[in-house]
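Q: Quick one: the structure is below, and I'll ask about it shortly.
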Amino acid sequence: MSTLAATGSTATVAAAAGPGPDRPTIRYTEYGIPHIIASDWEGLGTGYGYAAAKDNICTLADTYLMVNAQRSRHLGPDGRASPGQNQNTTTNLNSDLYFQRIKDDRVVERLLDRPAPDGPEPEVREAIRGYVQGYNRYLAETGVNGITDPACRGADWVRPITEMDVYRHAHAEIIMGSADALLDGQVNAAPPGASAAAAVPSASPSARQASSPAKTDAKTASRTDAKSAARTAERIREAMAVSREQGMGSNALAVGSQGVSGGTSMLLANPHFPWQGKNRMWQSQLTIPGKVNVSGASLLGFPAVNIGYNENVAWSHTVATVAPFGLFDVQVDPLNPTTYLVDGAWERMTSQRVAVDVLKPDGSLTQVARTLWSTRYGPVTTSMQGVPLPWVVSAHAVRDVNMHNLRALNSWFRLDQAEDVHDVVDILETTQGVPFFNTVASDRKGNALYADIQAVPNVTDEHARSCLTLTGQLLFHQSPRLPNVPPISILDGKRSACDWPDDPNAVAPGLLDPHKQPRLIRSDFVGNANDSAWLANPAQPLAFPRVMGDTAAPRSLRTQELILTAQNRINGTDGLPGKGFTPQTMGKLLFADNSRAADLALNATVTMCRNVPFGLVLVDGNLVNVSEACPVLAAWTSHDYTTDSRGSWLFANYWSFLSNGQGVEKLPWRVPFDPKDPVHTPNSLDTGSSAVRDALARAVLALRTAGIPLNAPLSDVQKVSRGGEQIPIHGSLGQLGVLNVITPGQVDGKPDIVFGSSFIQQVRFTAAGPPQALSVLAYSQSADPSSPHHADQTRLFSAGGWVTERFTEEQIAASPELRIKVLN
């Protein structure tokens, strides 16, 4: 039997310094934040599973539906699914076929059969066993019909879960870096002249040798049309750039002893994650006395902390410029296109029939089957990020660096127990489980760490030179560069030597040696805002293999803003009192919502606007009077995206039209990028360019067409709907150089935030005493509109406020809103 009581006493639970309680215990403090304490990992997982289900059972149940390939069975084939980093990128049917193939191949089961480090550590298995018990306990107590969230109340797809459901979910999160780009292409791949639904396995390859007529075709195919390759590479780069701009990102800043006032180090965690769905973050504290005491947030359904702090270390992650996959171009036999050439001999592709149940409009079920194809390198795909990769004289196969990675679970469980930043580096190197993320950390000793140590394809610079195809060269070296697009390798599949080689220093086959991956420890600061590792600190530029990103190339405006914010605060040149970061200055600087783009271009834009003849601009067949925009922009002297700012929405639209998805260096600047001054160049907008004038006119026209005043406060146009309440949201797009990234949109026809600042946390260590932490979960703890914690932190975030975190037993017990639930 459970107990739930309000108390200010610690008598009902054990102190963290002593043995854990006999029964998992959840202590809720302000804003519904659970502090879970138990005597072992299974009990800790039980408390986490119960509390997570209580807040977000519909989101979790929907995720388990997806990873078990049953969305089409319950929701129909045409609904939208979000298996990757982005929202609603594919259909239920395609998502189901993708995950059913993984199930049929027993990918997760085989990983679970392996001992650590390939398989989960014992503590991971125990915590997940407990998580299942906690989740199922909540569901049993509530009943499907008693769920308060209308999103799944009474739904037949809400069911008790198994440990395999949780591992499938974890695996889906680990591989999501490739899903958006390649899922549709894999499940729709079919040989020439056949559809994916109708394709059948081919006959065995003929006995003729490679000198047969197919050899002639191979010679013809080898003379690739350079223009065609360039067009394909450009389309893929542009599509990837749009996906990255609309998808997950983050900022993280670690400040060491030389950059902190009144402490030894600080960390700012600012992930930009979805506000809906499986990639929502959820906050908790997890304690087993004597073993682990960690606070922070995790992706829903992970009984660990992904971003947070313990007694001695704080860390965060940012999305890295590493493509967690690569392609192989395989030459096919035109007379038998499911055979391909390797080392002068023909091999037959493998085929498998993948079938899923599908709900018909009349309520009955049918089955949809596809024949999916694979090579020795991996599955065949006929598109990447929506760009066709035709299966004609060649086909393209995918190798996903994380497909056989459950090591990430071990990585996070061990990070939760790290002692200092050197321990963090050791954990990252020995597990190589972190998928497509940088790690930024600080410790009590005064160190600040940047590390891009993760699962990376072993495509060294030498291997790339030897094996890249022509299209692969253009993608890998990115000429021209687009913002934050990772180097993508397309290697020559005709040569087995071009597969990712095994490195003896790597944890798993095909991975890059972790010792070759960049890391930097300093006492002033390090940071990352989704650019490569090159300028983690401009005073000490980093070098690394090209597969991990670019060097001596323009940084995004957000990267510039992060670096300048750190430098100016440490130097005391930002207009705030004193030098060095404090919790007050770090929070104030993030929520100042300053736009680096406005710093660079607003004054020149105002001058240009005032000099437009008669204030009239002809653009897109419309004669637009821009004169009203000039005083609006001139009055916006703060350059900020706070909720009461006026002119900021006009500038955001103007900048969006001007940049048009391009990198900052592609805008019309008078002073170009200089790798010797990468934080301050390019600069000086060329207002003589017609592109600048036309972009302003398009912005003015767009706002007038939408009925939005040019001087509308941001609070009128950027808000979320929560239970009939409209909550204004500050911050803006990353391309504006705003650290507090917010991507507005609509969800279910209502204004909402699609991506943006999610769990924000700042942590300060001192020489002695507990960590000092402030946080805010921008979309609040619960997706259930009936929950009291559905919008409480959203209101707090709107007001620029923070939650003062409670870490010690004394701090938890002192909460005026303390509620305790003991799970018998």
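Each chain in the structure tokens gets a letter, A, B and so on, in the order shown; residues start at 1 in every chain, and ligands are counted from 1 in the order they appear.
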From the DSSP assignment of the backbone, select every residue of segment 780-813 of chain A that is helix (DSSP H, G or I), and format the answer as a count of residues only.

A: 12

Q: Excluding Met248 of chain A and any residue of its chain fewer than 2 positions from it, enumerate the residues within 12 Å of it, using only C-alpha atoms, and give them as a ChimeraX atom specification.

A: /A:84-87,176-177,180,242-246,250-251,270-275,279-280,317-320,436-437,484,529-530,734,741-743,754-758

Q: Can those selected residues be exported to a file as a short mmCIF file (atom, residue, chain, number, x, y, z; two decimals), in the first residue's frame so that it contains N, CA, C and O atoms?

A:
```cif
data_model
loop_
_atom_site.label_atom_id
_atom_site.label_comp_id
_atom_site.auth_asym_id
_atom_site.auth_seq_id
_atom_site.Cartn_x
_atom_site.Cartn_y
_atom_site.Cartn_z
N GLY A 84 13.01 10.12 -35.25
CA GLY A 84 14.34 10.71 -35.18
C GLY A 84 14.39 11.91 -34.27
O GLY A 84 13.64 12.03 -33.30
N GLN A 85 15.26 12.86 -34.61
CA GLN A 85 15.43 14.06 -33.81
C GLN A 85 14.34 15.08 -34.09
O GLN A 85 14.01 15.89 -33.23
N ASN A 86 13.78 15.05 -35.29
CA ASN A 86 12.81 16.06 -35.70
C ASN A 86 11.38 15.56 -35.52
O ASN A 86 11.15 14.37 -35.30
N GLN A 87 10.44 16.46 -35.68
CA GLN A 87 9.04 16.14 -35.43
C GLN A 87 8.32 15.75 -36.72
O GLN A 87 8.48 16.39 -37.76
N MET A 176 18.67 7.59 -33.30
CA MET A 176 17.80 8.57 -33.94
C MET A 176 18.57 9.59 -34.78
O MET A 176 17.98 10.30 -35.59
N GLY A 177 19.90 9.66 -34.63
CA GLY A 177 20.67 10.59 -35.43
C GLY A 177 20.68 10.28 -36.90
O GLY A 177 21.00 11.14 -37.72
N ASP A 180 16.02 10.37 -39.28
CA ASP A 180 15.38 11.41 -40.09
C ASP A 180 15.93 11.42 -41.52
O ASP A 180 15.19 11.62 -42.48
N VAL A 242 18.57 22.39 -43.57
CA VAL A 242 17.21 22.71 -43.12
C VAL A 242 16.84 21.82 -41.94
O VAL A 242 16.26 22.27 -40.94
N SER A 243 17.16 20.53 -42.05
CA SER A 243 16.82 19.59 -40.98
C SER A 243 17.53 19.97 -39.68
O SER A 243 16.94 19.95 -38.60
N ARG A 244 18.81 20.34 -39.78
CA ARG A 244 19.56 20.72 -38.58
C ARG A 244 19.01 22.02 -37.98
O ARG A 244 18.92 22.15 -36.75
N GLU A 245 18.63 22.95 -38.84
CA GLU A 245 18.10 24.22 -38.35
C GLU A 245 16.77 24.03 -37.63
O GLU A 245 16.46 24.72 -36.66
N GLN A 246 15.98 23.06 -38.10
CA GLN A 246 14.66 22.83 -37.52
C GLN A 246 14.66 21.76 -36.44
O GLN A 246 13.61 21.44 -35.89
N SER A 250 21.77 22.62 -29.01
CA SER A 250 22.05 22.94 -27.60
C SER A 250 23.15 23.98 -27.51
O SER A 250 23.96 24.13 -28.43
N ASN A 251 23.20 24.62 -26.35
CA ASN A 251 24.39 25.35 -25.91
C ASN A 251 24.85 24.72 -24.60
O ASN A 251 24.03 24.25 -23.82
N ASN A 270 22.00 24.03 -21.63
CA ASN A 270 20.88 24.65 -22.33
C ASN A 270 20.54 23.86 -23.59
O ASN A 270 20.75 24.32 -24.72
N PRO A 271 20.03 22.61 -23.42
CA PRO A 271 19.65 21.82 -24.59
C PRO A 271 18.40 22.39 -25.27
O PRO A 271 17.48 22.87 -24.60
N HIS A 272 18.38 22.32 -26.60
CA HIS A 272 17.24 22.79 -27.40
C HIS A 272 16.55 21.56 -27.98
O HIS A 272 16.86 21.12 -29.09
N PHE A 273 15.62 21.03 -27.23
CA PHE A 273 14.98 19.76 -27.58
C PHE A 273 13.49 20.00 -27.90
O PHE A 273 12.95 21.08 -27.62
N PRO A 274 12.82 18.99 -28.45
CA PRO A 274 11.39 19.14 -28.75
C PRO A 274 10.56 19.39 -27.49
O PRO A 274 10.89 18.89 -26.42
N TRP A 275 9.50 20.14 -27.66
CA TRP A 275 8.58 20.39 -26.55
C TRP A 275 7.45 19.36 -26.51
O TRP A 275 6.62 19.40 -25.61
N ASN A 279 11.10 12.91 -27.15
CA ASN A 279 12.35 13.58 -26.79
C ASN A 279 12.16 14.70 -25.77
O ASN A 279 13.05 15.53 -25.59
N ARG A 280 11.00 14.71 -25.11
CA ARG A 280 10.85 15.61 -23.97
C ARG A 280 11.79 15.17 -22.85
O ARG A 280 12.06 13.99 -22.65
N HIS A 317 25.26 17.94 -22.62
CA HIS A 317 25.58 17.49 -23.97
C HIS A 317 25.07 18.51 -24.98
O HIS A 317 24.08 19.22 -24.72
N THR A 318 25.72 18.56 -26.13
CA THR A 318 25.24 19.34 -27.27
C THR A 318 25.32 18.47 -28.51
O THR A 318 26.19 17.59 -28.61
N VAL A 319 24.43 18.71 -29.46
CA VAL A 319 24.45 17.94 -30.71
C VAL A 319 25.73 18.28 -31.47
O VAL A 319 26.05 19.45 -31.70
N ALA A 320 26.47 17.26 -31.86
CA ALA A 320 27.79 17.43 -32.46
C ALA A 320 27.71 17.46 -33.99
O ALA A 320 26.70 17.09 -34.59
N PHE A 436 26.27 10.93 -31.15
CA PHE A 436 26.18 12.24 -31.83
C PHE A 436 26.12 13.44 -30.88
O PHE A 436 25.53 14.46 -31.20
N PHE A 437 26.75 13.35 -29.71
CA PHE A 437 26.76 14.44 -28.75
C PHE A 437 28.18 14.81 -28.33
O PHE A 437 29.04 13.94 -28.14
N ASN A 484 26.45 23.93 -39.75
CA ASN A 484 26.24 22.78 -38.88
C ASN A 484 25.94 21.47 -39.61
O ASN A 484 25.44 20.53 -39.00
N ALA A 529 28.13 25.36 -29.17
CA ALA A 529 26.78 25.73 -29.60
C ALA A 529 26.47 25.07 -30.94
O ALA A 529 25.93 25.69 -31.85
N ASN A 530 26.88 23.78 -31.06
CA ASN A 530 26.59 22.92 -32.21
C ASN A 530 27.49 23.12 -33.40
O ASN A 530 27.30 22.47 -34.43
N GLY A 734 17.94 30.28 -33.55
CA GLY A 734 19.38 30.22 -33.41
C GLY A 734 20.11 30.99 -34.49
O GLY A 734 21.20 31.51 -34.24
N VAL A 741 17.38 29.55 -27.61
CA VAL A 741 16.74 29.23 -28.89
C VAL A 741 15.29 28.82 -28.68
O VAL A 741 14.97 27.99 -27.82
N ILE A 742 14.41 29.40 -29.47
CA ILE A 742 12.99 29.07 -29.46
C ILE A 742 12.52 29.01 -30.91
O ILE A 742 12.74 29.94 -31.69
N THR A 743 11.90 27.89 -31.27
CA THR A 743 11.36 27.71 -32.63
C THR A 743 9.84 27.62 -32.54
O THR A 743 9.30 26.57 -32.17
N VAL A 754 7.87 24.31 -31.05
CA VAL A 754 8.20 23.00 -31.59
C VAL A 754 9.53 22.51 -31.03
O VAL A 754 9.65 21.37 -30.58
N PHE A 755 10.55 23.37 -31.07
CA PHE A 755 11.86 23.07 -30.51
C PHE A 755 12.32 24.27 -29.71
O PHE A 755 11.86 25.39 -29.93
N GLY A 756 13.27 24.04 -28.83
CA GLY A 756 13.87 25.17 -28.15
C GLY A 756 14.39 24.81 -26.78
O GLY A 756 14.45 23.63 -26.40
N SER A 757 14.77 25.82 -26.03
CA SER A 757 15.26 25.61 -24.68
C SER A 757 14.29 24.72 -23.92
O SER A 757 13.09 24.99 -23.87
N SER A 758 14.81 23.68 -23.33
CA SER A 758 13.96 22.71 -22.65
C SER A 758 14.34 22.66 -21.17
O SER A 758 13.85 23.46 -20.39
#
```

Q: Could you list, as a list of chain:residue names, every residue within 9 Å of Glu123 of chain A, counting only C-alpha atoms and ignoring same-chain residues fewer than 5 positions away?

A: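 The contact residues come out as A:Asp40, A:Trp41, A:Glu42, A:Ile128, A:Asn410, A:Phe413.
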
Q: For N, CA, C and O atoms, I'd like the residues from the last selection saved as a PDB file, in the first residue's frame.

A:
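What ended up in result_33.pdb:
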```pdb
ATOM      1  N   ASP A  40      18.767   0.317  -3.497  1.00  0.00           N
ATOM      2  CA  ASP A  40      19.480  -0.366  -4.571  1.00  0.00           C
ATOM      3  C   ASP A  40      18.976   0.154  -5.913  1.00  0.00           C
ATOM      4  O   ASP A  40      18.047   0.959  -5.990  1.00  0.00           O
ATOM      5  N   TRP A  41      19.622  -0.305  -6.987  1.00  0.00           N
ATOM      6  CA  TRP A  41      19.304   0.201  -8.326  1.00  0.00           C
ATOM      7  C   TRP A  41      17.899  -0.197  -8.764  1.00  0.00           C
ATOM      8  O   TRP A  41      17.209   0.581  -9.421  1.00  0.00           O
ATOM      9  N   GLU A  42      17.477  -1.384  -8.406  1.00  0.00           N
ATOM     10  CA  GLU A  42      16.132  -1.800  -8.795  1.00  0.00           C
ATOM     11  C   GLU A  42      15.079  -0.915  -8.129  1.00  0.00           C
ATOM     12  O   GLU A  42      14.115  -0.480  -8.763  1.00  0.00           O
ATOM     13  N   ILE A 128      16.548  -0.858 -14.909  1.00  0.00           N
ATOM     14  CA  ILE A 128      15.494  -1.004 -15.913  1.00  0.00           C
ATOM     15  C   ILE A 128      14.468  -2.038 -15.455  1.00  0.00           C
ATOM     16  O   ILE A 128      13.256  -1.875 -15.690  1.00  0.00           O
ATOM     17  N   ASN A 410      25.385   2.509 -20.402  1.00  0.00           N
ATOM     18  CA  ASN A 410      26.511   2.429 -19.466  1.00  0.00           C
ATOM     19  C   ASN A 410      27.189   3.787 -19.311  1.00  0.00           C
ATOM     20  O   ASN A 410      27.602   4.167 -18.213  1.00  0.00           O
ATOM     21  N   PHE A 413      24.972   5.996 -16.948  1.00  0.00           N
ATOM     22  CA  PHE A 413      24.988   5.524 -15.569  1.00  0.00           C
ATOM     23  C   PHE A 413      26.334   5.818 -14.913  1.00  0.00           C
ATOM     24  O   PHE A 413      26.397   6.175 -13.733  1.00  0.00           O
TER      25      PHE A 413
END
```

Q: For Trp373 of chain A, which residue out of A:Ser295, A:Asn188, A:Thr431, A:Gln331 is the nearest one, using only C-alpha atoms?

A: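 Of A:Ser295, A:Asn188, A:Thr431, A:Gln331, the one nearest Trp373 of chain A is A:Asn188, counting only C-alpha atoms.
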
Q: Give the strand (DSSP E or B) residues of segment 406-593 of chain A, as DSSP finds them on the backbone, and put them as a list in words.

A: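 For segment 406-593 of chain A, the strand (DSSP E or B) set is Phe437, Asn438, Thr439, Val440, Ala441, Ser442, Asp443, Ala448, Leu449, Tyr450, Ala451, Pro457, Leu468, Ile490, Leu491, Asp492, Leu511, Arg519, Leu520, Ile521, Arg522, Phe525, Val526, Gly527, Asn528 and Phe581 of chain A.
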